[in-house]
Amino acid sequence: MNTEKEILQQYWKLENRKGRHTWHFEPDAALYPEYYTDAEAFWRSAKGRELKQALSDAFVYNKAQNPNSADIVYRNSKVGAPATQHENGQLTAEEASRKAIEFYTRLQEDDGHWPSDYGGPLFLLPGIVINAYVTHTPFAEEEQILMKRYMLNMQNADGGWGLHIEDKSTMFGTVMQYVALRIMGMQPGEPEMQRARSWIQSHGGAVSIPTWGKFYLSVLGAYEWKGMNSLFPEFWLLPRWLPVHPGNYWCHARMVYLGMAYCYGHKVVGKITDLVASLREEIYAEPYGKIDWKKARNTINGEDLYFPHPPVLKLANKFLNLYEVRPPKRFRRKALDAVLAYIDAEDDHTDFIDIGPVNKAINGICVWHAYGADSERFQKHLDRRSDYLWVAEDGMKMQGYNGSQLWDVVFAGQSMMEGTDATRQAAKPALKKMFSFVDAMQVREEVRDRAEFYRHPSVCGWPFSTVEHGWPITDCSSEGMKTALLLQNSSLLRDEITPLEDWRLKGAADLVLSFQNKDGGWASYELTRGPKWLEQMNPSEVFENIMIDYSYVECSSACMQGLKTFSKYYPDYRSEEIKKAIRRGGEFIARKQRADGSFYGSWAVCFCYGGWFGVEGLLTAGHKRYGDPGGPSPAITKACLFLVSKQLPDGGWGERFESCVTKEYMSTGEGQVINTAWALLALMAANYPDRTVIDRGIELIKKRQLVSGDWEQEAISGLFNHNCMITYTAYRNVFPIWALNRYAAQTAE
Ligand code: LAN
């Protein structure tokens, strides 16, 4: 029996078209026929107002228990209400894995992937709300109800909001939510708003919001453009060989900067409505007219400051701000034309999804400004707005990407290919579908004007989300290739699927090879293009390592593993080059190992994740494991001993997200299943000889399993740029399955 809350939550339905996710509000037509004839009139009626309240109440969520929701709106629609009871730990690893696979399979879509919540950061939703306000394209009433509810759910006890759901309050998080809530109709006198304002006021007011916040507020008209350091659109006109040319930046920095430079150059400001005029008085500690804007440029709140402006940037700002006194019209026009041409190209390349949630919100504003609200280009932008939105039991959020579709499938596929015959048989239907999803998501076409718009080749690569998004990523490409190879060559599926043609796999291997950096490692989307000192120009204050695409342990390990798998099935194709690439990759990873044996993980929490990729990478490069003749290699020993030293009394591993921020291992008191699975995967890969260490970890994973086969949602797992956390819902299923399978396979040997 569904509770009333569940019934209301289930009025939200997910539509999936080739991995594209959009949420639709579909209340019971017998109860609410008026909604379907004229939604706007319905929401204004007494009955509509009642539903509004009920809907908002149905998404009340208690952050104090766990800021991470469990994605139960989507999951309920597939498998009903979540189980609350745990297994008693009596199942064998093989039985626990089968149970987990059977559960997880029920969540899979017919096309082979798993839709899931990819929320976490809190500065994204306000960005798109500001976009909607400035461009006069408000979200539907039902969306606004859930967005408001989400933001209120995520308010911290002190009245503020952080950069992400688990974070302490910051000026960026708080002002952005406050403004978005006001845009969506909350009144300054409401208690949540009063508490938020008192947080803002007691921390000095919104003058100290970080630069990205200054940008959004300027576009809205609640901050002055002269309170921003120059964004110097003319950077785009510099010769490409100059390191500071934006074509050399990390693609995310490049793309965010692109739209920001457009708005800055045109001084785009939305209509100064009564609301905006009122915000000018609400969020500052002094009267708006008295603010010293020049000083405000470099005033950043202490709660937010993670990466202070380096001296090089300070100096550059001095010159560039001087240039802004009278920028030559001809240069400015030329630069802004070039910027717009690039915005158009990015929109075309990604079918208006855009590379990420930030340039999605900003490009929309630019296109509206350049071509008008009725233009086809702006309408296309609007149509893709909902791709980023997600509904869970805590409301509607904006996700960090248009989903993690491909990424989740490749890990699920690999996890279920390990294990025993029995677990593989249980996974067979799911694996078959996964194969067809991997097949469908490979990039087949090159983007238009590729070189002009600084794009590395894409064909034969795999993206993180969907092929429509289309930006290939080094490790996603390699994992896609590896998964396709493992599945299509397995006796389980071989006779039932059409394998990818050789050219597609060779093309993938070519692409992965082409992504290898001079330092032997692999970066995220492209080669490292600029020098390291470019980080000295990072103006974001809240993110670190955003200016260039660096080589990462995880990406390198994944690329090496993919290439190694490729060579197994294509031993005659570029084999010497592949061997060399793997050797150099291994050297890179070894250099990244810290003195204590650990590996910092850049894309998830943290040393457990890094440790897993580090160990697998070293092994791929030929390091010896325990039990090998002459093994284990010193680097493997050190990596294992580091992990073992972090095992908790309950047998698990538990890492706090602050590990990522401080770059030192910070333990929770209790083990968590995802961290535990990563540590175990590393130790089992290395054949760590003390089996009690591994047995105890497996016990924890088994005891934490729910009777349904699922696991509870624990703390947040994902990370970017050292300081912002992001949700990976699939991880709580996939990694325990993987660890159980590896264990079951090893104990069956
Ligand atoms: C992602 C998501 C996937 C992730 C992996 C593939 C897991 C990783 O191995 C390489 C880096 C990558 C592709 C990655 C990079 C940074 C992203 C794109 C994100 C974490 C998703 C959101 C984030 C993006 C930068 C968010 C917007 C914020 C800015 C600072 C621009």
# chains A, B, ... in the order shown; residues from 1 in each chain; ligands from 1
>>> residues_near_ligand(ligand="ligand 1", cutoff="7 Å", atoms="only C-alpha atoms and all ligand atoms", output="list in words")
His252, Ala253, Val256, Gly356, Pro357, Val358, Gly400, Tyr401, Phe464, Ile473, Asp475, Cys476, Ser524, Tyr525, Phe543, Ile546, Glu554, Cys555, Trp603, Leu719, Phe720, Asn721 and Ile726 of chain A
>>> write_last_selection(atoms="C-alpha atoms", output="compact mmCIF listing (two decimals), in the first residue's frame")
# COMPACT_ATOMS: atom_id res chain seq x y z
CA HIS A 252 35.05 23.12 -18.47
CA ALA A 253 36.91 26.30 -17.56
CA VAL A 256 32.21 28.52 -18.49
CA GLY A 356 27.88 20.95 -18.27
CA PRO A 357 25.31 22.57 -16.04
CA VAL A 358 27.11 25.89 -15.75
CA GLY A 400 26.00 18.09 -12.32
CA TYR A 401 25.61 16.74 -15.85
CA PHE A 464 30.00 10.11 -19.65
CA ILE A 473 36.15 11.57 -22.16
CA ASP A 475 38.42 7.19 -19.26
CA CYS A 476 34.80 6.88 -20.41
CA SER A 524 39.95 13.96 -18.45
CA TYR A 525 38.65 15.20 -21.82
CA PHE A 543 37.67 25.35 -7.06
CA ILE A 546 40.43 23.98 -13.09
CA GLU A 554 42.07 7.38 -12.23
CA CYS A 555 41.89 8.40 -15.88
CA TRP A 603 36.90 12.28 -8.83
CA LEU A 719 34.04 14.90 -6.26
CA PHE A 720 35.32 17.57 -8.64
CA ASN A 721 38.01 20.19 -8.39
CA ILE A 726 28.57 15.16 -6.36
>>> closest_residue(among="A:Cys559, A:Lys564, A:Lys532, A:Ile694", to="Phe613 (chain A)", atoms="only C-alpha atoms")
A:Cys559
>>> closest_residue(among="A:Tyr371, A:Gln536, A:Gly112, A:Tyr306", to="Leu163 (chain A)", atoms="only C-alpha atoms")
A:Tyr306
>>> atom_distance(atom1="CA of Asp495 (chain A)", atom2="CA of Ala748 (chain A)")
26.2 Å
>>> closest_atom_pairs(of="region 397-453 of chain A", to="region 127-131 of chain A", cutoff="12 Å", atoms="only C-alpha atoms", output="CSV")
residue,atom,partner,partner_atom,distance
A:Lys397,CA,A:Ile128,CA,10.4
A:Met398,CA,A:Ile128,CA,8.1
A:Gln399,CA,A:Ile128,CA,10.9
>>> residues_around(residues="Gly185 (chain A)", least_positions_apart="5", cutoff="12 Å", atoms="only C-alpha atoms", output="PyMOL selection string")
chain A and resi 129+133+138+141+144-145+147-148+178-180+190+193+275
